[in-house]
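Structure file upload.cif (mmCIF, C-alpha atoms) follows.
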```cif
data_data
loop_
_atom_site.label_atom_id
_atom_site.label_comp_id
_atom_site.auth_asym_id
_atom_site.auth_seq_id
_atom_site.Cartn_x
_atom_site.Cartn_y
_atom_site.Cartn_z
CA MET O 725 -47.06 14.51 -29.28
CA LEU O 726 -46.27 14.09 -32.96
CA LEU O 727 -48.88 11.36 -33.40
CA ALA O 728 -51.47 13.44 -31.56
CA SER O 729 -50.70 16.45 -33.76
CA VAL O 730 -51.04 14.37 -36.92
CA LEU O 731 -54.39 12.92 -35.84
CA LEU O 732 -55.72 16.34 -34.79
CA THR O 733 -54.70 17.81 -38.16
CA TRP O 734 -56.27 14.85 -39.94
CA SER O 735 -59.52 15.25 -38.00
CA ALA O 736 -59.65 19.01 -38.62
CA GLY O 737 -59.14 18.47 -42.33
CA GLU O 738 -62.00 15.96 -42.48
CA LEU O 739 -64.33 18.28 -40.58
CA LEU O 740 -63.65 21.02 -43.09
CA LEU O 741 -63.70 18.98 -46.29
CA ARG O 742 -66.00 15.99 -45.80
CA THR O 743 -69.77 15.88 -45.88
CA GLY O 744 -72.26 13.41 -44.47
CA LEU O 745 -70.56 13.25 -41.11
CA ALA O 746 -72.13 12.59 -37.72
CA PRO O 747 -72.97 15.61 -35.52
CA VAL O 748 -69.92 17.69 -34.63
CA PRO O 749 -70.19 17.16 -30.82
CA LEU O 750 -69.99 13.39 -31.33
CA LEU O 751 -67.04 13.79 -33.71
CA LEU O 752 -65.21 15.93 -31.15
CA VAL O 753 -65.79 13.28 -28.48
CA VAL O 754 -64.45 10.57 -30.80
CA THR O 755 -61.40 12.65 -31.73
CA ALA O 756 -60.61 13.35 -28.08
CA ALA O 757 -61.10 9.67 -27.21
CA VAL O 758 -58.60 8.60 -29.87
CA VAL O 759 -55.99 11.34 -29.36
CA ALA O 760 -55.96 11.80 -25.57
CA PRO O 761 -54.74 8.27 -24.60
CA LEU O 762 -51.89 8.18 -27.15
CA PRO O 763 -49.18 9.66 -24.86
CA TRP O 764 -49.68 6.95 -22.23
CA ARG O 765 -50.57 4.00 -24.45
CA ARG O 766 -47.23 2.32 -23.63
CA THR O 767 -47.19 2.86 -19.88
CA HIS O 768 -50.93 2.18 -19.35
CA PRO O 769 -52.09 0.23 -22.43
CA LEU O 770 -55.31 -1.14 -20.88
CA ALA O 771 -56.40 2.27 -19.57
CA ALA O 772 -55.75 3.82 -22.99
CA CYS O 773 -57.75 1.05 -24.64
CA LEU O 774 -60.68 1.41 -22.22
CA VAL O 775 -60.84 5.18 -22.69
CA ALA O 776 -60.63 5.08 -26.48
CA PHE O 777 -62.84 2.11 -27.26
CA GLY O 778 -65.18 2.73 -24.34
CA CYS O 779 -65.99 6.18 -25.74
CA LEU O 780 -66.37 4.74 -29.23
CA VAL O 781 -68.81 2.10 -27.98
CA ALA O 782 -70.85 4.78 -26.21
CA VAL O 783 -70.88 7.08 -29.27
CA ASP O 784 -71.87 4.31 -31.68
CA ALA O 785 -74.54 3.02 -29.30
CA LEU O 786 -75.96 6.54 -29.05
CA ARG O 787 -75.98 6.85 -32.84
CA LEU O 788 -77.92 3.61 -33.11
CA LEU O 789 -80.42 4.63 -30.46
CA THR O 790 -81.00 8.09 -31.98
CA ASP O 791 -80.83 6.81 -35.56
CA GLU O 792 -78.13 9.30 -36.59
CA SER O 793 -77.19 8.78 -40.24
CA GLY O 794 -73.76 10.47 -40.39
CA THR O 795 -70.44 8.63 -40.37
CA LEU O 796 -67.41 8.98 -38.11
CA LEU O 797 -64.10 10.52 -39.11
CA ASN O 798 -61.53 8.32 -40.82
CA SER O 799 -59.01 9.51 -38.23
CA VAL O 800 -60.62 6.97 -35.92
CA ALA O 801 -58.01 4.68 -37.49
CA GLY O 802 -55.71 6.04 -34.78
CA THR O 803 -57.20 3.34 -32.57
CA LEU O 804 -54.95 0.91 -34.46
CA LEU O 805 -52.02 2.44 -32.55
CA ILE O 806 -53.78 1.81 -29.25
CA THR O 807 -54.57 -1.76 -30.31
CA HIS O 808 -50.94 -2.34 -31.22
CA ALA O 809 -49.81 -0.89 -27.88
CA LEU O 810 -52.18 -3.14 -25.95
CA PHE O 811 -50.79 -6.33 -27.49
CA ARG O 812 -47.21 -5.04 -27.41
CA TRP O 813 -46.92 -3.76 -23.83
CA GLY O 814 -50.02 -4.98 -21.99
CA ALA O 815 -49.89 -7.76 -19.39
CA GLY O 816 -51.76 -11.01 -20.01
CA ARG O 817 -55.00 -10.05 -18.26
CA GLU O 818 -54.84 -6.55 -19.70
CA VAL O 819 -54.64 -7.96 -23.22
CA VAL O 820 -57.68 -10.17 -22.62
CA ALA O 821 -59.74 -7.33 -21.13
CA GLY O 822 -58.74 -4.93 -23.89
CA ALA O 823 -59.47 -7.49 -26.60
CA VAL O 824 -63.00 -7.91 -25.20
CA VAL O 825 -63.61 -4.16 -25.46
CA ILE O 826 -62.21 -3.99 -29.01
CA THR O 827 -64.24 -6.96 -30.24
CA THR O 828 -67.31 -5.42 -28.64
CA TRP O 829 -66.85 -2.17 -30.54
CA LEU O 830 -66.10 -3.62 -33.98
CA PRO O 831 -69.51 -5.19 -34.67
CA ILE O 832 -71.31 -2.18 -33.17
CA THR O 833 -69.49 0.29 -35.42
CA THR O 834 -70.10 -1.84 -38.53
CA VAL O 835 -73.83 -1.70 -37.76
CA ALA O 836 -73.76 2.03 -37.00
CA ASP O 837 -71.85 2.70 -40.26
CA PRO O 838 -73.13 0.09 -42.72
CA THR O 839 -70.57 -0.66 -45.44
CA GLY O 840 -69.92 -3.39 -47.98
CA TRP O 841 -68.50 -6.72 -46.95
CA ALA O 842 -65.09 -5.84 -48.38
CA ASP O 843 -64.78 -2.75 -46.15
CA THR O 844 -65.96 -4.73 -43.13
CA VAL O 845 -63.41 -7.49 -43.74
CA GLY O 846 -60.71 -4.85 -44.29
CA THR O 847 -61.55 -3.18 -40.98
CA TYR O 848 -61.25 -6.44 -39.08
CA ALA O 849 -58.05 -7.28 -40.97
CA PHE O 850 -56.41 -3.98 -40.02
CA PHE O 851 -57.07 -4.54 -36.33
CA LEU O 852 -55.89 -8.14 -36.60
CA VAL O 853 -52.64 -6.99 -38.23
CA ALA O 854 -52.10 -4.33 -35.55
CA ALA O 855 -52.57 -6.93 -32.83
CA SER O 856 -50.35 -9.46 -34.61
CA VAL O 857 -47.51 -6.96 -35.03
CA GLY O 858 -47.75 -6.12 -31.33
CA VAL O 859 -47.56 -9.80 -30.37
CA ALA O 860 -44.63 -10.40 -32.74
CA LEU O 861 -42.64 -7.47 -31.38
CA ARG O 862 -43.43 -8.54 -27.82
CA HIS O 863 -42.12 -12.04 -28.56
CA HIS O 864 -39.00 -10.66 -30.25
CA ALA O 865 -38.30 -8.35 -27.30
CA ALA O 866 -38.69 -11.26 -24.87
CA ILE O 867 -36.23 -13.40 -26.84
CA ARG O 868 -33.82 -10.50 -27.10
CA GLY O 869 -34.04 -9.91 -23.35
CA ARG O 870 -33.31 -13.57 -22.61
CA ASP O 871 -30.32 -13.56 -24.96
CA VAL O 872 -28.96 -10.40 -23.35
CA GLU O 873 -29.28 -11.94 -19.89
CA ARG O 874 -27.51 -15.11 -21.09
CA ALA O 875 -24.66 -13.01 -22.49
CA ARG O 876 -24.35 -11.14 -19.21
CA ALA O 877 -24.50 -14.37 -17.21
CA ARG O 878 -21.75 -15.93 -19.34
CA GLU O 879 -19.53 -12.91 -18.79
CA ARG O 880 -20.21 -12.91 -15.05
CA GLU O 881 -19.41 -16.61 -14.89
CA GLN O 882 -16.13 -16.16 -16.74
CA LEU O 883 -15.20 -13.26 -14.49
CA ALA O 884 -16.04 -15.34 -11.44
CA ARG O 885 -13.77 -18.10 -12.73
CA ASP O 886 -10.93 -15.63 -13.19
CA LEU O 887 -11.40 -14.32 -9.67
CA HIS O 888 -11.68 -17.82 -8.25
CA ASP O 889 -8.37 -18.85 -9.77
CA VAL O 890 -6.61 -15.68 -8.59
CA VAL O 891 -7.87 -16.05 -5.03
CA ALA O 892 -7.10 -19.78 -4.99
CA HIS O 893 -3.54 -19.02 -6.07
CA HIS O 894 -3.02 -16.52 -3.25
CA VAL O 895 -4.62 -18.73 -0.59
CA SER O 896 -2.46 -21.67 -1.65
CA GLY O 897 0.62 -19.51 -1.23
CA ILE O 898 -0.56 -18.41 2.21
CA ALA O 899 -1.06 -22.04 3.27
CA ILE O 900 2.41 -23.04 2.07
CA GLN O 901 4.09 -20.10 3.82
CA ALA O 902 2.18 -20.83 7.03
CA GLN O 903 3.35 -24.45 6.99
CA ALA O 904 6.93 -23.37 6.34
CA GLY O 905 6.78 -20.76 9.10
CA ARG O 906 5.51 -23.27 11.63
CA ALA O 907 8.22 -25.75 10.63
CA VAL O 908 11.08 -23.28 11.24
CA ALA O 909 9.51 -21.23 14.04
CA LEU O 910 11.55 -22.89 16.80
CA ARG O 911 14.87 -23.30 14.97
CA ARG O 912 14.89 -20.13 12.82
CA PRO O 913 12.67 -17.38 14.25
CA ASP O 914 13.96 -14.94 11.62
CA ARG O 915 12.72 -17.20 8.83
CA ALA O 916 9.36 -17.47 10.57
CA ALA O 917 9.11 -13.67 10.61
CA GLU O 918 9.83 -13.56 6.86
CA ALA O 919 7.08 -16.11 6.29
CA LEU O 920 4.65 -13.99 8.28
CA GLU O 921 5.52 -10.95 6.15
CA THR O 922 4.88 -12.96 2.99
CA ILE O 923 1.58 -14.19 4.40
CA GLU O 924 0.55 -10.64 5.28
CA ASP O 925 1.32 -9.41 1.76
CA ALA O 926 -0.53 -12.31 0.11
CA ALA O 927 -3.51 -11.87 2.43
CA THR O 928 -3.74 -8.17 1.57
CA ARG O 929 -3.77 -8.92 -2.16
CA THR O 930 -6.28 -11.71 -1.63
CA LEU O 931 -8.67 -9.39 0.23
CA ALA O 932 -8.47 -6.94 -2.68
CA GLU O 933 -9.50 -9.68 -5.09
CA LEU O 934 -12.26 -10.87 -2.78
CA ARG O 935 -13.80 -7.38 -2.87
CA SER O 936 -14.11 -7.82 -6.61
CA ILE O 937 -16.15 -10.98 -6.09
CA VAL O 938 -18.88 -9.13 -4.17
CA GLY O 939 -21.88 -8.79 -6.44
CA VAL O 940 -20.71 -11.41 -8.93
CA LEU O 941 -23.35 -14.14 -8.82
CA ARG O 942 -22.16 -17.28 -10.46
CA THR O 943 -24.95 -19.46 -11.85
CA GLY O 944 -23.03 -21.85 -14.08
CA PRO O 945 -21.18 -25.09 -13.37
CA GLN O 946 -18.86 -25.09 -10.40
CA GLU O 947 -15.87 -26.53 -12.28
CA THR O 948 -13.10 -24.02 -12.89
CA ASP O 949 -10.40 -23.82 -15.49
CA ARG O 950 -6.99 -24.31 -13.91
CA LEU O 951 -5.01 -22.85 -16.83
CA PRO O 952 -2.89 -19.76 -16.04
CA GLN O 953 -4.86 -16.54 -16.34
CA PRO O 954 -3.94 -14.12 -19.16
CA THR O 955 -2.29 -10.79 -18.39
CA VAL O 956 -1.84 -7.49 -20.19
CA ALA O 957 1.47 -8.78 -21.57
CA ASP O 958 -0.48 -11.53 -23.36
CA VAL O 959 -2.20 -8.91 -25.53
CA HIS O 960 0.93 -9.10 -27.72
CA ARG O 961 -0.21 -12.60 -28.73
CA LEU O 962 -3.08 -11.04 -30.67
CA ALA O 963 -0.70 -9.35 -33.12
CA THR O 964 -0.36 -10.86 -36.61
CA ASP O 965 2.02 -10.40 -39.50
CA ASP O 966 1.36 -9.04 -42.99
CA ARG O 967 0.26 -12.44 -44.29
CA ASP O 968 -3.04 -12.32 -42.40
CA ARG O 969 -5.94 -9.99 -43.10
CA PRO O 970 -6.78 -7.88 -41.29
CA VAL O 971 -3.34 -7.17 -39.85
CA VAL O 972 -3.48 -6.79 -36.07
CA THR O 973 -0.99 -4.44 -34.43
CA VAL O 974 -0.52 -4.16 -30.68
CA SER O 975 0.92 -1.24 -28.71
CA LEU O 976 1.48 -1.31 -24.94
CA THR O 977 2.45 2.00 -23.32
CA GLY O 978 2.52 3.56 -19.89
CA ASP O 979 2.70 1.89 -16.50
CA LEU O 980 1.35 -1.64 -16.85
CA ALA O 981 3.30 -3.20 -14.00
CA ASP O 982 1.78 -4.55 -10.80
CA LEU O 983 -1.76 -4.72 -12.16
CA PRO O 984 -4.23 -6.80 -10.16
CA PRO O 985 -4.59 -10.14 -11.96
CA VAL O 986 -8.31 -9.65 -12.55
CA VAL O 987 -7.63 -6.32 -14.30
CA GLY O 988 -4.94 -7.82 -16.52
CA ALA O 989 -7.20 -10.73 -17.45
CA ALA O 990 -10.09 -8.36 -18.17
CA VAL O 991 -8.00 -6.14 -20.47
CA PHE O 992 -6.73 -9.16 -22.38
CA ARG O 993 -10.20 -10.63 -22.86
CA LEU O 994 -11.66 -7.27 -23.89
CA ALA O 995 -8.92 -6.89 -26.50
CA GLN O 996 -9.36 -10.49 -27.65
CA GLU O 997 -13.12 -10.10 -28.08
CA SER O 998 -12.67 -6.79 -29.92
CA VAL O 999 -10.22 -8.33 -32.40
CA THR O 1000 -12.53 -11.30 -32.88
CA ASN O 1001 -15.48 -8.99 -33.60
CA ALA O 1002 -13.40 -7.02 -36.10
CA ARG O 1003 -12.43 -10.18 -37.96
CA ARG O 1004 -16.02 -11.38 -38.06
CA HIS O 1005 -17.91 -8.19 -38.81
CA ALA O 1006 -15.53 -5.55 -40.20
CA ARG O 1007 -16.12 -5.80 -43.93
CA GLN O 1008 -13.14 -4.90 -46.11
CA ALA O 1009 -10.99 -4.29 -43.05
CA THR O 1010 -7.23 -4.38 -43.64
CA ARG O 1011 -5.98 -3.29 -40.23
CA VAL O 1012 -6.89 -3.58 -36.54
CA ASP O 1013 -4.94 -1.44 -34.08
CA VAL O 1014 -4.92 -2.46 -30.42
CA ARG O 1015 -3.57 0.10 -27.95
CA VAL O 1016 -3.24 -0.44 -24.21
CA GLU O 1017 -2.22 2.54 -22.10
CA GLY O 1018 -1.34 2.25 -18.43
CA ARG O 1019 -2.38 5.32 -16.47
CA PRO O 1020 -1.87 6.10 -12.78
CA ASP O 1021 -5.47 5.26 -11.91
CA ALA O 1022 -6.67 3.05 -14.77
CA VAL O 1023 -5.82 1.01 -17.85
CA ARG O 1024 -7.27 2.27 -21.13
CA LEU O 1025 -7.88 -0.06 -24.08
CA THR O 1026 -8.62 1.23 -27.58
CA VAL O 1027 -9.24 -1.03 -30.58
CA ASP O 1028 -9.71 0.55 -34.02
CA ASP O 1029 -10.38 -1.09 -37.36
CA ASP O 1030 -10.72 0.40 -40.83
CA GLY O 1031 -13.64 -1.75 -41.98
CA SER O 1032 -16.99 -0.62 -43.30
CA THR O 1033 -19.55 0.46 -40.68
CA GLY O 1034 -22.55 -0.24 -42.88
CA GLY O 1035 -24.60 -3.40 -42.25
CA GLY O 1036 -23.48 -6.30 -40.14
CA ARG O 1037 -21.99 -4.04 -37.44
CA PRO O 1038 -24.64 -4.14 -34.72
CA GLY O 1039 -24.41 -1.53 -32.01
CA ALA O 1040 -25.60 -3.92 -29.30
CA GLY O 1041 -24.39 -7.37 -30.22
CA TYR O 1042 -24.16 -10.00 -27.50
CA GLY O 1043 -20.35 -9.88 -27.59
CA LEU O 1044 -20.46 -6.15 -26.91
CA ILE O 1045 -22.98 -6.69 -24.13
CA GLY O 1046 -20.65 -9.17 -22.45
CA MET O 1047 -17.72 -6.76 -22.79
CA GLN O 1048 -19.73 -3.94 -21.30
CA GLU O 1049 -20.88 -6.18 -18.45
CA ARG O 1050 -17.30 -7.21 -17.66
CA THR O 1051 -16.10 -3.59 -17.68
CA THR O 1052 -19.02 -2.40 -15.56
CA LEU O 1053 -18.48 -5.12 -12.96
CA LEU O 1054 -14.94 -3.82 -12.49
CA GLY O 1055 -16.16 -0.24 -12.11
CA GLY O 1056 -14.97 0.87 -15.55
CA ALA O 1057 -16.44 2.52 -18.63
CA PHE O 1058 -17.10 1.01 -22.05
CA ARG O 1059 -18.10 2.40 -25.42
CA ALA O 1060 -18.28 0.94 -28.93
CA GLY O 1061 -19.40 2.49 -32.18
CA PRO O 1062 -18.39 3.85 -35.57
CA ARG O 1063 -15.54 6.32 -35.77
CA ALA O 1064 -16.03 9.82 -37.13
CA ASP O 1065 -13.82 9.21 -40.16
CA HIS O 1066 -14.03 5.51 -41.01
CA GLY O 1067 -14.16 2.15 -39.29
CA TRP O 1068 -15.16 1.04 -35.81
CA ARG O 1069 -13.77 1.80 -32.34
CA VAL O 1070 -13.98 -0.01 -29.01
CA GLU O 1071 -12.91 1.90 -25.91
CA ALA O 1072 -12.69 0.48 -22.40
CA THR O 1073 -11.26 1.99 -19.24
CA VAL O 1074 -10.68 -0.35 -16.29
CA PRO O 1075 -9.57 1.23 -12.98
CA ARG O 1076 -6.60 -0.24 -11.17
CA THR O 1077 -8.53 -0.09 -7.90
CA ARG O 1078 -11.93 -1.55 -8.60
CA GLU O 1079 -15.27 -1.21 -6.92
CA THR O 1080 -17.59 -4.02 -7.98
CA ARG O 1081 -21.04 -2.91 -9.13
#
```

Output the file's structure in the form of structure tokens.
Amino acid sequence: MLLASVLLTWSAGELLLRTGLAPVPLLLVVTAAVVAPLPWRRTHPLAACLVAFGCLVAVDALRLLTDESGTLLNSVAGTLLITHALFRWGAGREVVAGAVVITTWLPITTVADPTGWADTVGTYAFFLVAASVGVALRHHAAIRGRDVERARAREREQLARDLHDVVAHHVSGIAIQAQAGRAVALRRPDRAAEALETIEDAATRTLAELRSIVGVLRTGPQETDRLPQPTVADVHRLATDDRDRPVVTVSLTGDLADLPPVVGAAVFRLAQESVTNARRHARQATRVDVRVEGRPDAVRLTVDDDGSTGGGRPGAGYGLIGMQERTTLLGGAFRAGPRADHGWRVEATVPRTRETR
């Protein structure tokens, strides 16, 4: 709406102040053809291009046939926005079709409004720049989208590895208890009953972890890391002393016992990535505070630093995308951004009972 208002004001000003213009009805048609498609140039770029440049071709052809001597409004430059939109958001065939219409209009309008060679070259150059900027932004957006998907895939793969190791641990315990129960079933029925209770408990926990796997599509290598998985208690390992800068402090409060292994591993990795980001990007930071709070229904992680928020602190870096993906997969909430006073804050809430998304 803002662009349309600007172009309408521009056109009205030219109608009032300029002389030697084409007949007013033609100018009104041209203005409407340029302004009307602007609101949907992104969602329907080819249609916007056909409406705008199709009307311009018809108007200029009519001027040539009737030998009208007036010129068009300079606000016709608004078609540069439609050209940019075509090359930025149009599909392959749409770009080709739109380019044919544009290149059909350009020579016609240069004949209808004869100008010097410098103005003609400038007109072509402006449209070429608009198209080039659209192509460049389209390419950048495609690369960005691929990088975002890679970051999400890496986080999903790591989460799948964590879940795989947790489930494998429980199933191994079930197998061992089943073998022991069968071995003593005849001689010690009471011991066999204890083994069955242990199997039941392990199976229940395993089913809970398996529910977390639903929706996690693993696309990477099938090898898994057999190292022990980190827990919330391991967050203390991130703390540093006064000799390192920034100093990292860790505070664990609330009920953090009996967390599902996948939740403990997620909280640790979220804290680890947040501290790593602070060390890399928090300029002039002297302190990073990591706080983990165990609540009845969730675990809340807050990481604050006192670094500068200007420059080099992207709001949607790939590390943050991976952290958000991990939190979302566990049914939690994630937010990262500058604090109201100074520095940067990362907040993540992971429920104790998860529902994979």

(request) List the residues sitting within 12 Å of (4.6, 3.7, -16.8) in the file's frame, using all atoms listed in the file, as a list in words. (result) Leu976, Thr977, Gly978, Asp979, Leu980, Ala981, Asp982, Leu983, Val1016, Glu1017, Gly1018, Arg1019, Pro1020, Asp1021, Ala1022 and Val1023 of chain O

(request) Would you mind reading off the distance between atom CA of O:Asp1028 and atom CA of O:Arg961, one decimal, in Å? (result)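 These atoms are spaced 17.1 Å apart.
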
(request) Scan for residues within 9 Å of the point (-14.5, 2.7, -26.3) in the coordinates of the file, using all atoms listed in the file, and reply as a list of chain:residue names. (result) O:Arg1024, O:Leu1025, O:Thr1026, O:Val1027, O:Ala1057, O:Phe1058, O:Arg1059, O:Ala1060, O:Gly1061, O:Arg1069, O:Val1070, O:Glu1071, O:Ala1072, O:Thr1073

(request) Output the residue selection produced by the PyMOL selection byres ((chain O and resi 960) around 9) on the file above, formatted as a PyMOL selection string. (result) chain O and resi 956-959+961-963+973-976

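Once the PyMOL selection byres ((chain O and resi 772) around 10) is applied to this file, the selection holds Ala757, Val758, Val759, Ala760, Pro761, Leu762, Pro763, Trp764, Arg765, Arg766, Thr767, His768, Pro769, Leu770, Ala771, Cys773, Leu774, Val775, Ala776, Phe777, Gly778, Thr803, Ile806, Thr807, Ala809, Leu810 and Gly822 of chain O.
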
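What the PyMOL selection byres ((chain O and resi 999-1005) around 8) matches in the given file is O:Leu962, O:Pro970, O:Val972, O:Ala995, O:Gln996, O:Glu997, O:Ser998, O:Ala1006, O:Arg1007, O:Ala1009, O:Val1012, O:Val1027, O:Asp1029, O:Gly1031, O:Gly1036, O:Arg1037, O:Gly1043.
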
Can I get the selected residues back with C-alpha atoms, as a PDB file, in the coordinates of the input?
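Result written to result-v6.pdb:
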```pdb
ATOM      1  CA  LEU O 962      -3.080 -11.040 -30.670  1.00  0.00           C
ATOM      2  CA  PRO O 970      -6.780  -7.880 -41.290  1.00  0.00           C
ATOM      3  CA  VAL O 972      -3.480  -6.790 -36.070  1.00  0.00           C
ATOM      4  CA  ALA O 995      -8.920  -6.890 -26.500  1.00  0.00           C
ATOM      5  CA  GLN O 996      -9.360 -10.490 -27.650  1.00  0.00           C
ATOM      6  CA  GLU O 997     -13.120 -10.100 -28.080  1.00  0.00           C
ATOM      7  CA  SER O 998     -12.670  -6.790 -29.920  1.00  0.00           C
ATOM      8  CA  ALA O1006     -15.530  -5.550 -40.200  1.00  0.00           C
ATOM      9  CA  ARG O1007     -16.120  -5.800 -43.930  1.00  0.00           C
ATOM     10  CA  ALA O1009     -10.990  -4.290 -43.050  1.00  0.00           C
ATOM     11  CA  VAL O1012      -6.890  -3.580 -36.540  1.00  0.00           C
ATOM     12  CA  VAL O1027      -9.240  -1.030 -30.580  1.00  0.00           C
ATOM     13  CA  ASP O1029     -10.380  -1.090 -37.360  1.00  0.00           C
ATOM     14  CA  GLY O1031     -13.640  -1.750 -41.980  1.00  0.00           C
ATOM     15  CA  GLY O1036     -23.480  -6.300 -40.140  1.00  0.00           C
ATOM     16  CA  ARG O1037     -21.990  -4.040 -37.440  1.00  0.00           C
ATOM     17  CA  GLY O1043     -20.350  -9.880 -27.590  1.00  0.00           C
TER      18      GLY O1043
END
```

(request) Compile the contact shell of O:Val853 as a PyMOL selection string: residues with an atom at most 12 Å away, counting all atoms listed in the file, same-chain residues fewer than 3 positions apart removed. (result) chain O and resi 804-805+807-808+811+846-850+856-860

(message) Need the shell around O:Leu797: protein/DNA/RNA residues with any atom at most 7 Å away, counting all atoms listed in the file. Skip same-chain ones fewer than 3 positions apart. Format as a ChimeraX atom specification?
(response) /O:735,738,751,800

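Using all atoms listed in the file, the nearest neighbour of O:Arg742 within the list O:Leu796, O:Ile923, O:Leu788, O:Ile832 is O:Leu796.
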
(request) Kindly give the distance, in Å, that separates atom CA of O:Gly816 and atom CA of O:Arg870, rounded to a single decimal. (result)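 These atoms are spaced 18.8 Å apart.
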
(message) Using only C-alpha atoms for the distances, tell me which of O:Gly802, O:Pro749, O:Gly1056, O:Gly744 is nearest to O:Ala728.
(response)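 Looking only at the distances to O:Ala728, the closest residue turns out to be O:Gly802.
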
(message) My list of candidates is O:Leu786, O:Val835, O:Ala865, O:Val748. Which is closest to O:Arg812 when distances are computed with all atoms listed in the file?
(response)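 Closest candidate: O:Ala865.
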
(request) Tell me, in Å to one decimal, how far atom CA of O:Ala842 is from atom CA of O:Ala736. (result) 27.2 Å

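Minimum atom-to-atom distances from O:Pro1075, O:Pro984, O:Gly1055, O:Gly1046 to O:Arg880 were compared using only C-alpha atoms, and the lowest value belongs to O:Gly1046.
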